[in-house]
file final02.txt (compact mmCIF, C-alpha atoms)
# COMPACT_ATOMS: atom_id res chain seq x y z
CA MET A 21 21.65 38.05 -16.99
CA SER A 22 24.77 36.63 -18.65
CA ASN A 23 25.16 32.89 -19.17
CA ASP A 24 28.08 32.58 -16.74
CA VAL A 25 26.11 33.95 -13.77
CA ASP A 26 24.52 31.45 -11.40
CA PHE A 27 21.13 32.79 -10.32
CA LEU A 28 21.34 30.72 -7.11
CA SER A 29 23.83 33.24 -5.79
CA PHE A 30 21.02 35.82 -5.77
CA LEU A 31 18.78 33.70 -3.51
CA HIS A 32 19.05 33.48 0.24
CA HIS A 33 20.18 30.06 1.48
CA ASP A 34 17.01 29.40 3.49
CA LEU A 35 14.76 30.54 0.66
CA LEU A 36 16.44 28.20 -1.82
CA LEU A 37 16.30 25.38 0.69
CA ASN A 38 12.56 25.89 1.21
CA ILE A 39 11.98 25.88 -2.55
CA LEU A 40 13.84 22.63 -3.09
CA MET A 41 12.15 21.01 -0.10
CA CYS A 42 8.86 21.40 -1.96
CA LEU A 43 9.98 18.94 -4.66
CA GLU A 44 8.14 15.63 -4.42
CA ASP A 45 9.61 13.70 -7.34
CA PRO A 46 13.13 12.41 -6.57
CA SER A 47 13.98 12.63 -10.28
CA ASP A 48 13.55 16.43 -10.14
CA LEU A 49 16.06 16.68 -7.31
CA VAL A 50 18.56 14.49 -9.16
CA ARG A 51 18.20 16.60 -12.30
CA PHE A 52 18.70 19.76 -10.26
CA SER A 53 21.94 18.43 -8.77
CA ALA A 54 23.21 17.52 -12.26
CA VAL A 55 23.07 21.11 -13.57
CA SER A 56 26.38 22.26 -12.11
CA ARG A 57 28.91 21.55 -9.39
CA THR A 58 27.51 24.39 -7.30
CA TRP A 59 23.98 23.04 -7.43
CA ARG A 60 25.17 19.50 -6.72
CA HIS A 61 27.20 20.74 -3.77
CA PHE A 62 24.13 22.51 -2.38
CA VAL A 63 21.97 19.38 -2.66
CA ILE A 64 24.58 17.11 -1.06
CA THR A 65 25.66 19.36 1.82
CA ASN A 66 22.06 20.01 2.85
CA GLY A 67 21.07 16.32 2.61
CA LEU A 68 18.07 17.07 0.42
CA CYS A 69 17.72 13.50 -0.88
CA LYS A 70 17.63 12.21 2.67
CA HIS A 71 14.96 14.76 3.64
CA LEU A 72 12.91 13.74 0.61
CA CYS A 73 13.09 10.06 1.59
CA LEU A 74 12.16 10.87 5.18
CA ARG A 75 9.13 12.77 3.92
CA MET A 76 8.15 9.82 1.73
CA PHE A 77 8.77 7.22 4.45
CA PRO A 78 8.94 8.49 8.07
CA GLN A 79 10.02 4.96 9.06
CA LEU A 80 13.53 5.86 7.78
CA SER A 81 14.01 8.02 10.89
CA ARG A 82 15.30 4.81 12.51
CA VAL A 83 18.30 4.72 10.14
CA LYS A 84 21.47 5.24 12.19
CA TYR A 85 23.69 5.51 9.12
CA VAL A 86 23.95 4.22 5.55
CA ASN A 87 26.43 1.80 4.07
CA GLU A 88 27.50 0.79 0.58
CA LEU A 89 28.50 -2.71 -0.42
CA SER A 90 28.85 -1.91 -4.11
CA ASP A 91 31.79 -0.74 -6.21
CA ALA A 92 30.98 2.87 -5.40
CA ALA A 93 32.03 2.22 -1.81
CA GLN A 94 35.57 1.42 -2.94
CA GLU A 95 36.26 4.78 -4.58
CA HIS A 96 37.65 6.55 -1.51
CA ASP A 97 38.78 4.10 1.13
CA GLU A 98 42.02 5.89 1.89
CA ALA A 99 42.27 8.17 4.92
CA GLY A 100 42.26 11.92 4.50
CA SER A 101 41.51 15.18 6.24
CA SER A 102 38.40 15.53 8.36
CA ASN A 103 36.80 17.85 5.77
CA PHE A 104 37.52 15.37 3.01
CA MET A 105 36.08 12.44 4.98
CA GLU A 106 32.99 14.46 5.90
CA TRP A 107 32.42 15.36 2.26
CA GLU A 108 32.80 11.72 1.20
CA ALA A 109 30.29 10.66 3.86
CA LEU A 110 27.80 13.25 2.59
CA LYS A 111 28.29 12.07 -0.99
CA LYS A 112 27.71 8.46 0.06
CA GLU A 113 24.53 9.43 1.87
CA HIS A 114 23.39 11.34 -1.20
CA ARG A 115 24.02 8.35 -3.49
CA VAL A 116 22.18 5.92 -1.24
CA TYR A 117 19.10 8.06 -0.63
CA SER A 118 18.77 9.36 -4.19
CA PHE A 119 18.87 5.83 -5.57
CA PHE A 120 16.54 4.65 -2.80
CA ALA A 121 13.92 7.26 -3.71
CA ARG A 122 14.04 6.36 -7.40
CA HIS A 123 14.06 2.63 -6.67
CA CYS A 124 10.85 2.85 -4.64
CA LEU A 125 8.99 4.04 -7.74
CA SER A 126 10.56 1.67 -10.27
CA PHE A 127 8.59 -1.56 -9.84
CA ASP A 128 5.05 -2.59 -10.55
CA VAL A 129 2.98 -3.47 -7.50
CA GLY A 130 2.64 -7.21 -6.78
CA ASN A 131 1.90 -9.66 -4.00
CA CYS A 132 4.77 -9.43 -1.47
CA ILE A 133 3.93 -12.39 0.79
CA SER A 134 6.68 -15.00 0.95
CA GLU A 135 5.25 -17.37 3.55
CA ALA A 136 2.84 -17.59 6.45
CA ILE A 137 4.55 -17.55 9.87
CA ILE A 138 1.94 -18.13 12.55
CA ALA A 139 -1.65 -17.53 13.64
CA SER A 140 -2.67 -16.53 17.14
CA SER A 141 -4.92 -19.61 17.23
CA THR A 142 -5.97 -22.41 14.90
CA ASP A 143 -9.04 -24.59 15.37
CA ASN A 144 -8.02 -27.71 13.42
CA ASN A 145 -4.35 -27.88 12.46
CA PRO A 146 -3.19 -28.47 9.76
CA GLU A 147 -6.54 -28.72 7.95
CA GLU A 148 -7.41 -25.10 8.85
CA SER A 149 -3.89 -23.62 9.15
CA ILE A 150 -2.75 -20.14 8.16
CA ASP A 151 -0.92 -21.66 5.18
CA ASN A 152 -4.29 -22.03 3.45
CA THR A 153 -4.63 -18.24 3.22
CA LEU A 154 -1.88 -18.19 0.57
CA GLU A 155 -4.13 -20.18 -1.78
CA PRO A 156 -6.36 -17.88 -3.89
CA ARG A 157 -9.07 -20.56 -4.25
CA ASP A 158 -11.50 -21.45 -1.46
CA ARG A 159 -11.61 -25.09 -2.53
CA VAL A 160 -8.64 -27.31 -3.42
CA ALA A 161 -8.92 -30.99 -4.34
CA ARG A 162 -12.62 -30.96 -3.41
CA ARG A 163 -11.86 -29.64 0.11
CA ALA A 164 -12.49 -26.21 1.58
CA SER A 165 -9.30 -24.11 1.90
CA TYR A 166 -9.25 -21.54 4.72
CA TRP A 167 -7.82 -20.62 8.12
CA SER A 168 -10.07 -20.82 11.17
CA SER A 169 -9.54 -19.42 14.64
CA LYS A 170 -10.52 -21.27 17.77
CA GLY A 171 -14.05 -20.61 18.96
CA GLN A 172 -14.66 -17.97 21.64
CA ARG A 173 -17.69 -17.12 23.75
CA ASN A 174 -16.55 -13.49 23.88
CA PRO A 175 -16.88 -11.92 20.40
CA ALA A 176 -14.33 -9.21 21.31
CA VAL A 177 -11.37 -11.63 21.44
CA PRO A 178 -8.99 -10.63 18.58
CA GLU A 179 -6.92 -12.85 16.28
CA MET A 180 -3.59 -12.24 14.54
CA LEU A 181 -2.17 -13.61 11.29
CA THR A 182 1.57 -13.02 10.79
CA TYR A 183 3.39 -13.26 7.46
CA LYS A 184 6.94 -13.01 6.16
CA LEU A 185 7.40 -10.80 3.10
CA VAL A 186 9.64 -11.46 0.10
CA ALA A 187 12.25 -8.89 1.23
CA ASN A 188 13.44 -7.18 4.41
CA LEU A 189 12.50 -3.86 2.79
CA CYS A 190 9.15 -3.57 1.03
CA VAL A 191 6.96 -0.61 0.16
CA ILE A 192 3.41 -1.71 1.01
CA THR A 193 0.37 0.04 -0.45
CA GLU A 194 -2.63 -2.17 0.35
CA ILE A 195 -3.72 -5.47 1.90
CA LYS A 196 -6.44 -7.69 0.47
CA ILE A 197 -8.42 -10.14 2.61
CA ARG A 198 -11.21 -12.53 1.70
CA PRO A 199 -13.35 -13.82 4.60
CA PHE A 200 -14.41 -17.45 4.33
CA GLN A 201 -17.99 -18.46 3.60
CA ALA A 202 -18.84 -21.86 5.07
CA TYR A 203 -20.81 -23.17 2.11
CA PHE A 204 -21.16 -26.58 3.84
CA GLN A 205 -23.10 -25.12 6.80
CA PHE A 206 -26.78 -24.22 6.89
CA GLY A 207 -27.31 -20.71 5.55
CA SER A 208 -23.69 -20.50 4.27
CA PRO A 209 -22.50 -18.12 7.05
CA ILE A 210 -19.51 -15.82 6.51
CA TYR A 211 -17.01 -15.79 9.38
CA SER A 212 -15.55 -12.31 8.95
CA ALA A 213 -14.24 -9.81 11.50
CA LYS A 214 -15.68 -6.39 12.30
CA TYR A 215 -12.41 -4.53 11.77
CA VAL A 216 -8.84 -5.15 10.64
CA ARG A 217 -5.60 -3.44 11.59
CA PHE A 218 -2.10 -3.93 10.20
CA ARG A 219 1.34 -3.91 11.78
CA MET A 220 4.75 -4.00 10.08
CA GLY A 221 8.14 -4.58 11.61
CA HIS A 222 10.92 -7.06 12.21
CA ILE A 223 11.93 -9.96 14.43
CA ARG A 224 13.26 -8.78 17.78
CA SER A 225 16.05 -11.34 17.76
CA PHE A 226 17.15 -13.70 15.00
CA MET A 227 17.44 -16.38 17.69
CA ASP A 228 13.66 -16.37 18.12
CA ASN A 229 11.68 -19.20 16.59
CA CYS A 230 8.47 -17.57 15.38
CA VAL A 231 6.88 -20.71 13.98
CA ASP A 232 6.81 -22.64 17.24
CA GLU A 233 3.16 -23.55 17.74
CA SER A 234 3.69 -23.76 21.51
CA CYS A 235 4.26 -20.00 21.73
CA GLN A 236 1.23 -18.70 19.83
CA ASP A 237 0.00 -16.55 22.70
CA SER A 238 3.38 -14.91 23.37
CA CYS A 239 4.67 -14.83 19.79
CA ASN A 240 3.77 -11.15 19.44
CA ASP A 241 6.54 -10.33 21.95
CA LYS A 242 9.10 -11.61 19.45
CA PHE A 243 8.45 -8.76 17.00
CA VAL A 244 9.18 -5.04 16.98
CA TRP A 245 6.50 -3.08 15.17
CA THR A 246 7.67 0.04 13.33
CA TYR A 247 4.22 0.85 11.92
CA THR A 248 0.64 0.33 13.10
CA SER A 249 -2.27 1.31 10.88
CA GLN A 250 -5.69 2.67 11.70
CA LYS A 251 -8.65 0.32 12.04
CA PHE A 252 -10.48 -0.53 8.80
CA PRO A 253 -14.08 -1.83 8.80
CA MET A 254 -14.49 -5.26 7.23
CA ALA A 255 -17.68 -6.23 5.42
CA GLN A 256 -19.32 -9.59 6.06
CA GLU A 257 -19.02 -10.50 2.39
CA ASN A 258 -17.50 -13.39 0.48
CA SER A 259 -15.16 -11.20 -1.60
CA LEU A 260 -11.52 -10.13 -1.75
CA GLN A 261 -11.74 -6.84 0.15
CA ASN A 262 -9.17 -4.11 -0.46
CA PHE A 263 -7.71 -2.14 2.46
CA THR A 264 -5.67 0.69 0.99
CA LEU A 265 -3.21 2.36 3.34
CA PRO A 266 -3.43 6.17 3.62
CA GLU A 267 0.10 6.37 2.16
CA PRO A 268 2.74 3.86 1.03
CA ILE A 269 4.50 2.35 4.06
CA LEU A 270 8.09 1.14 4.22
CA CYS A 271 8.08 -2.23 5.97
CA ILE A 272 11.45 -2.51 7.73
CA GLY A 273 12.27 -6.12 8.54
CA GLY A 274 9.84 -7.93 6.25
CA ILE A 275 7.18 -8.93 8.82
CA LEU A 276 3.50 -8.03 8.44
CA GLN A 277 0.72 -8.85 10.88
CA ILE A 278 -3.03 -8.69 10.30
CA GLU A 279 -5.07 -8.08 13.44
CA LEU A 280 -8.69 -9.19 13.15
CA LEU A 281 -10.86 -7.30 15.63
CA GLY A 282 -14.36 -8.36 16.65
CA ARG A 283 -16.26 -11.52 15.71
CA VAL A 284 -19.61 -11.30 13.95
CA GLN A 285 -20.59 -14.92 13.25
CA ARG A 286 -21.60 -17.52 15.83
CA GLN A 287 -21.54 -21.21 14.87
CA GLU A 288 -24.88 -22.89 15.58
CA THR A 289 -23.47 -26.28 16.60
CA ASP A 290 -21.42 -25.03 19.58
CA GLY A 291 -22.58 -21.42 20.07
CA LEU A 292 -19.03 -20.04 19.75
CA PHE A 293 -17.77 -17.13 17.65
CA TYR A 294 -15.15 -17.82 14.96
CA ILE A 295 -13.11 -15.85 12.42
CA CYS A 296 -12.19 -17.57 9.16
CA VAL A 297 -10.08 -16.21 6.29
CA SER A 298 -9.86 -17.74 2.84
CA HIS A 299 -7.14 -15.66 1.17
CA VAL A 300 -4.70 -12.82 1.91
CA GLN A 301 -2.58 -10.65 -0.39
CA VAL A 302 -0.09 -7.94 0.60
CA MET A 303 0.44 -5.59 -2.33
CA GLY A 304 3.62 -3.57 -2.71
CA ARG A 305 7.16 -3.34 -4.10
CA PRO A 306 10.15 -5.31 -2.75
CA LEU A 307 13.40 -3.30 -2.63
CA SER A 308 15.76 -6.26 -2.79
CA PRO A 309 18.31 -7.08 -4.15
CA ALA A 310 19.31 -3.41 -4.39
CA PHE A 311 18.80 -2.64 -0.68
CA GLY A 312 19.04 -4.45 2.62
CA ILE A 313 19.14 -3.67 6.31
CA GLN A 314 21.34 -4.51 9.27
CA LEU A 315 19.63 -4.35 12.62
CA LEU A 316 21.66 -2.61 15.33
CA ASP A 317 19.09 -2.98 18.11
CA SER A 318 15.32 -3.03 18.49
CA GLU A 319 15.06 0.64 17.45
CA ASN A 320 17.84 1.42 14.94
CA PHE A 321 19.21 -0.12 11.78
CA VAL A 322 21.71 0.43 8.96
CA LEU A 323 20.40 1.04 5.45
CA GLU A 324 22.66 -0.85 3.02
CA ALA A 325 22.94 -0.18 -0.70
CA LEU A 326 23.85 -3.59 -2.09
CA SER A 327 23.81 -2.67 -5.77
CA TYR A 328 23.42 0.42 -7.93
CA ALA A 329 22.29 -1.56 -10.95
CA GLN A 330 19.28 -0.02 -12.60
CA PRO A 331 16.10 -1.87 -11.56
CA THR A 332 14.38 -4.03 -14.13
CA SER A 333 10.64 -4.45 -14.08
CA ALA A 334 9.87 -7.97 -12.96
CA GLU A 335 6.59 -9.75 -13.50
CA PRO A 336 4.41 -9.15 -10.44
CA THR A 337 3.61 -12.19 -8.36
CA SER A 338 -0.11 -11.60 -8.77
CA VAL A 339 0.20 -11.69 -12.57
CA ALA A 340 2.17 -14.93 -12.47
CA SER A 341 -0.45 -16.41 -10.14
CA ASN A 342 -3.27 -15.40 -12.50
CA LEU A 343 -1.49 -17.01 -15.45
CA GLN A 344 -1.02 -20.21 -13.48
CA MET A 345 -4.72 -20.27 -12.56
CA ARG A 346 -5.69 -19.74 -16.21
CA VAL A 347 -3.59 -22.74 -17.22
CA SER A 348 -5.28 -24.77 -14.47
CA ASP A 349 -8.69 -23.63 -15.75
CA LEU A 350 -7.86 -24.92 -19.24
CA GLU A 351 -6.79 -28.23 -17.78
CA GLN A 352 -10.08 -28.51 -15.90
CA ILE A 353 -12.08 -27.82 -19.08
CA LEU A 354 -10.04 -30.40 -21.00
CA ASN A 355 -10.63 -33.02 -18.28
CA LEU A 356 -14.34 -32.25 -18.33
CA LEU A 357 -14.58 -32.61 -22.11
CA GLN A 358 -12.72 -35.92 -21.93
CA GLY A 359 -15.02 -37.19 -19.19
CA ASN A 360 -12.18 -37.37 -16.67
CA VAL A 361 -14.09 -36.28 -13.56
CA ASP A 362 -11.36 -37.46 -11.16
CA GLY A 363 -8.93 -34.96 -12.66
CA ILE A 364 -11.15 -31.96 -11.91
CA VAL A 365 -10.37 -29.61 -9.01
CA GLU A 366 -13.19 -27.44 -7.67
CA TYR A 367 -12.42 -23.74 -7.45
CA GLY A 368 -15.38 -22.57 -5.46
CA TYR A 369 -16.20 -19.74 -7.86
CA GLY A 370 -17.93 -21.59 -10.71
CA TRP A 371 -19.74 -24.85 -11.21
CA ASP A 372 -19.71 -27.79 -8.77
CA ILE A 373 -19.07 -31.38 -9.84
CA ASP A 374 -21.35 -34.15 -8.59
CA ASP A 375 -23.89 -32.01 -6.77
CA GLU A 376 -25.49 -35.05 -5.19
CA GLU A 377 -22.21 -36.12 -3.58
CA SER A 378 -21.67 -32.55 -2.39
CA ASP A 379 -25.09 -32.49 -0.75
CA GLU A 380 -24.33 -35.71 1.10
CA GLY A 381 -21.06 -34.24 2.34
CA GLU A 382 -22.83 -31.21 3.77
CA GLU A 383 -24.77 -33.36 6.20
CA ASP A 384 -21.53 -34.80 7.61
CA ASP A 385 -19.66 -31.49 7.73
CA ASP A 386 -22.11 -29.44 9.77
CA ASP A 387 -20.53 -30.45 13.09
CA VAL A 388 -16.95 -29.53 12.19
CA HIS A 389 -15.50 -26.27 13.64
CA PRO A 390 -16.34 -24.38 11.59
CA GLU A 391 -15.94 -26.96 8.80

call {"tool": "encode", "arguments": {"input": "final02.txt", "output": "structure tokens"}}
result
Amino acid sequence: MSNDVDFLSFLHHDLLLNILMCLEDPSDLVRFSAVSRTWRHFVITNGLCKHLCLRMFPQLSRVKYVNELSDAAQEHDEAGSSNFMEWEALKKEHRVYSFFARHCLSFDVGNCISEAIIASSTDNNPEESIDNTLEPRDRVARRASYWSSKGQRNPAVPEMLTYKLVANLCVITEIKIRPFQAYFQFGSPIYSAKYVRFRMGHIRSFMDNCVDESCQDSCNDKFVWTYTSQKFPMAQENSLQNFTLPEPILCIGGILQIELLGRVQRQETDGLFYICVSHVQVMGRPLSPAFGIQLLDSENFVLEALSYAQPTSAEPTSVASNLQMRVSDLEQILNLLQGNVDGIVEYGYGWDIDDEESDEGEEDDDDVHPE
């Protein structure tokens, strides 16, 4: 075959389309489209980058259309023939989805939680609020750090913890949860759940106030969930348990909810069942500032390409948190060597300071719910 003959002309359109649809790496599709104008035209007109993204993230089926807010959007603003405008729209769609696919694989995985929004119930607020689940330690300033639900006689009553992520678009791969062990109660019981389930979505209306404590029971109505996971069994163990999703999930809207199903631990003092969580991490990749969304209604949204700058690998939040904890550890050791006991913060994972004082505190704490 001579060098000036394109072998694609010898393949049936549907056959070639089926071959290219088998590609899983977005880089392969981009390289294919860069070979020649004919190959690029085939990729763009058949929307192959969009199909690849839809296969990677079915949640993108809610995209009504794409938009560009970068310099690339200013290349062809003038009016033209219908064929010309259609071709420009296809090229824009190709640019957005091809960069989106590559961008999703460009960052290291890190903790994507920005802040805690609300819990379905809280026993003692603010001492046992959902905000405590952002703290990786189970003891801070010589106090236990955890969230606790209200007590229930029915162990089947569920609880929900809702969080805001660092971006409106995040690719989530796994969630980590550490149940709380009440070390100050007799037998050191662990107040875990039987199962966990995860939901991702967005606020139904930006006018809604999702941190109003008076609307805890109805707060779930203020969200639209675009993804609901299967149920995962939770072990009654004092450890950071990993719940890996079957496949990476695109969280559209930056809201994640943890549903805790089934109570396993009854408190002896009041005979009620509680669920307590010490720490939560949501692992994934934020897609901002390159991409954003514009909600059209509760079902559809616009995918916006805000910048085509090549992504730079940022330090994951979890790594930064570990470094900060190591610095704190060194400070604790230095305070201990200098005899400065007041400057020591208990972490809950190593030694305890003033065991006798701790034992006295246990006698007073046994009647607190669950602290």

call {"tool": "atom_distance", "arguments": {"input": "final02.txt", "atom1": "atom CA of A:Leu189", "atom2": "atom CA of A:Arg60"}}
result
28.2 Å

call {"tool": "atom_distance", "arguments": {"input": "final02.txt", "atom1": "atom CA of A:Leu292", "atom2": "atom CA of A:Ala136"}}
result
25.7 Å

call {"tool": "closest_residue", "arguments": {"input": "final02.txt", "among": "A:Leu36, A:Val86, A:Leu260, A:Val63", "to": "A:Arg157", "atoms": "all atoms listed in the file"}}
result
A:Leu260

call {"tool": "atom_distance", "arguments": {"input": "final02.txt", "atom1": "atom CA of A:Gln301", "atom2": "atom CA of A:Asn262"}}
result
9.3 Å

call {"tool": "closest_residue", "arguments": {"input": "final02.txt", "among": "A:Ser118, A:Gln172, A:Thr246, A:Asn152", "to": "A:Leu80", "atoms": "all atoms listed in the file"}}
result
A:Thr246

call {"tool": "residues_around", "arguments": {"input": "final02.txt", "residues": "A:Arg115", "least_positions_apart": "4", "cutoff": "12 Å", "atoms": "only C-alpha atoms", "output": "mmCIF file with C-alpha atoms, in the frame of the given file"}}
result
data_model
loop_
_atom_site.group_PDB
_atom_site.id
_atom_site.type_symbol
_atom_site.label_atom_id
_atom_site.label_comp_id
_atom_site.auth_asym_id
_atom_site.auth_seq_id
_atom_site.Cartn_x
_atom_site.Cartn_y
_atom_site.Cartn_z
ATOM 1 C CA VAL A 50 18.560 14.490 -9.160
ATOM 2 C CA SER A 53 21.940 18.430 -8.770
ATOM 3 C CA ARG A 60 25.170 19.500 -6.720
ATOM 4 C CA VAL A 63 21.970 19.380 -2.660
ATOM 5 C CA ILE A 64 24.580 17.110 -1.060
ATOM 6 C CA GLY A 67 21.070 16.320 2.610
ATOM 7 C CA LEU A 68 18.070 17.070 0.420
ATOM 8 C CA CYS A 69 17.720 13.500 -0.880
ATOM 9 C CA LYS A 70 17.630 12.210 2.670
ATOM 10 C CA VAL A 86 23.950 4.220 5.550
ATOM 11 C CA ASN A 87 26.430 1.800 4.070
ATOM 12 C CA GLU A 88 27.500 0.790 0.580
ATOM 13 C CA SER A 90 28.850 -1.910 -4.110
ATOM 14 C CA ALA A 92 30.980 2.870 -5.400
ATOM 15 C CA ALA A 93 32.030 2.220 -1.810
ATOM 16 C CA GLU A 108 32.800 11.720 1.200
ATOM 17 C CA ALA A 109 30.290 10.660 3.860
ATOM 18 C CA LEU A 110 27.800 13.250 2.590
ATOM 19 C CA LYS A 111 28.290 12.070 -0.990
ATOM 20 C CA PHE A 119 18.870 5.830 -5.570
ATOM 21 C CA PHE A 120 16.540 4.650 -2.800
ATOM 22 C CA ALA A 121 13.920 7.260 -3.710
ATOM 23 C CA ARG A 122 14.040 6.360 -7.400
ATOM 24 C CA HIS A 123 14.060 2.630 -6.670
ATOM 25 C CA GLU A 324 22.660 -0.850 3.020
ATOM 26 C CA ALA A 325 22.940 -0.180 -0.700
ATOM 27 C CA SER A 327 23.810 -2.670 -5.770
ATOM 28 C CA TYR A 328 23.420 0.420 -7.930
#

call {"tool": "closest_atom_pairs", "arguments": {"input": "final02.txt", "of": "stretch 84-143 of chain A", "to": "stretch 192-212 of chain A", "cutoff": "10 Å", "atoms": "all atoms listed in the file", "output": "JSON lines"}}
result
{"residue": "A:Val129", "atom": "CA", "partner": "A:Thr193", "partner_atom": "CA", "distance": 8.3}
{"residue": "A:Gly130", "atom": "CA", "partner": "A:Ile192", "partner_atom": "CA", "distance": 9.6}
{"residue": "A:Asn131", "atom": "CA", "partner": "A:Ile195", "partner_atom": "CA", "distance": 9.2}
{"residue": "A:Cys132", "atom": "CA", "partner": "A:Ile192", "partner_atom": "CA", "distance": 8.2}

call {"tool": "residues_around", "arguments": {"input": "final02.txt", "residues": "stretch 37-41 of chain A", "least_positions_apart": "5", "cutoff": "9 Å", "atoms": "only C-alpha atoms", "output": "PDB file with C-alpha atoms, keeping the file's coordinate frame"}}
result
ATOM      1  CA  HIS A  32      19.050  33.480   0.240  1.00  0.00           C
ATOM      2  CA  LEU A  49      16.060  16.680  -7.310  1.00  0.00           C
ATOM      3  CA  PHE A  62      24.130  22.510  -2.380  1.00  0.00           C
ATOM      4  CA  VAL A  63      21.970  19.380  -2.660  1.00  0.00           C
ATOM      5  CA  ASN A  66      22.060  20.010   2.850  1.00  0.00           C
ATOM      6  CA  LEU A  68      18.070  17.070   0.420  1.00  0.00           C
ATOM      7  CA  HIS A  71      14.960  14.760   3.640  1.00  0.00           C
ATOM      8  CA  LEU A  72      12.910  13.740   0.610  1.00  0.00           C
TER       9      LEU A  72
END

call {"tool": "decode", "arguments": {"input": "final02.txt", "residues": "stretch 204-215 of chain A", "atoms": "N, CA, C and O atoms", "output": "JSON list (two decimals), in the first residue's frame"}}
result
[["chain", "number", "residue", "atom", "x", "y", "z"],
["A", 204, "PHE", "N", -14.05, 5.75, 77.37],
["A", 204, "PHE", "CA", -14.39, 6.20, 78.72],
["A", 204, "PHE", "C", -15.56, 5.41, 79.32],
["A", 204, "PHE", "O", -15.94, 5.64, 80.45],
["A", 205, "GLN", "N", -16.16, 4.49, 78.54],
["A", 205, "GLN", "CA", -17.24, 3.66, 79.04],
["A", 205, "GLN", "C", -16.74, 2.25, 79.36],
["A", 205, "GLN", "O", -15.75, 1.80, 78.80],
["A", 206, "PHE", "N", -17.45, 1.58, 80.23],
["A", 206, "PHE", "CA", -17.06, 0.23, 80.63],
["A", 206, "PHE", "C", -17.06, -0.70, 79.42],
["A", 206, "PHE", "O", -18.05, -0.78, 78.67],
["A", 207, "GLY", "N", -15.97, -1.40, 79.23],
["A", 207, "GLY", "CA", -15.84, -2.32, 78.11],
["A", 207, "GLY", "C", -15.42, -1.67, 76.81],
["A", 207, "GLY", "O", -15.22, -2.36, 75.81],
["A", 208, "SER", "N", -15.28, -0.33, 76.79],
["A", 208, "SER", "CA", -14.87, 0.41, 75.59],
["A", 208, "SER", "C", -15.68, -0.01, 74.35],
["A", 208, "SER", "O", -15.14, -0.51, 73.36],
["A", 209, "PRO", "N", -17.00, 0.18, 74.37],
["A", 209, "PRO", "CA", -17.84, -0.25, 73.24],
["A", 209, "PRO", "C", -17.58, 0.59, 71.99],
["A", 209, "PRO", "O", -17.18, 1.76, 72.07],
["A", 210, "ILE", "N", -17.82, -0.01, 70.83],
["A", 210, "ILE", "CA", -17.65, 0.66, 69.54],
["A", 210, "ILE", "C", -19.03, 0.87, 68.93],
["A", 210, "ILE", "O", -19.76, -0.09, 68.67],
["A", 211, "TYR", "N", -19.38, 2.14, 68.69],
["A", 211, "TYR", "CA", -20.72, 2.48, 68.21],
["A", 211, "TYR", "C", -20.72, 2.60, 66.68],
["A", 211, "TYR", "O", -20.85, 3.69, 66.13],
["A", 212, "SER", "N", -20.58, 1.48, 66.01],
["A", 212, "SER", "CA", -20.56, 1.46, 64.55],
["A", 212, "SER", "C", -21.97, 1.21, 64.01],
["A", 212, "SER", "O", -22.92, 1.05, 64.77],
["A", 213, "ALA", "N", -22.08, 1.21, 62.69],
["A", 213, "ALA", "CA", -23.31, 0.83, 62.01],
["A", 213, "ALA", "C", -23.13, -0.56, 61.40],
["A", 213, "ALA", "O", -22.01, -1.07, 61.29],
["A", 214, "LYS", "N", -24.24, -1.17, 60.99],
["A", 214, "LYS", "CA", -24.15, -2.46, 60.31],
["A", 214, "LYS", "C", -23.69, -2.30, 58.86],
["A", 214, "LYS", "O", -22.87, -3.05, 58.37],
["A", 215, "TYR", "N", -24.27, -1.28, 58.19],
["A", 215, "TYR", "CA", -23.97, -1.05, 56.78],
["A", 215, "TYR", "C", -23.83, 0.44, 56.53],
["A", 215, "TYR", "O", -24.29, 1.28, 57.33]]
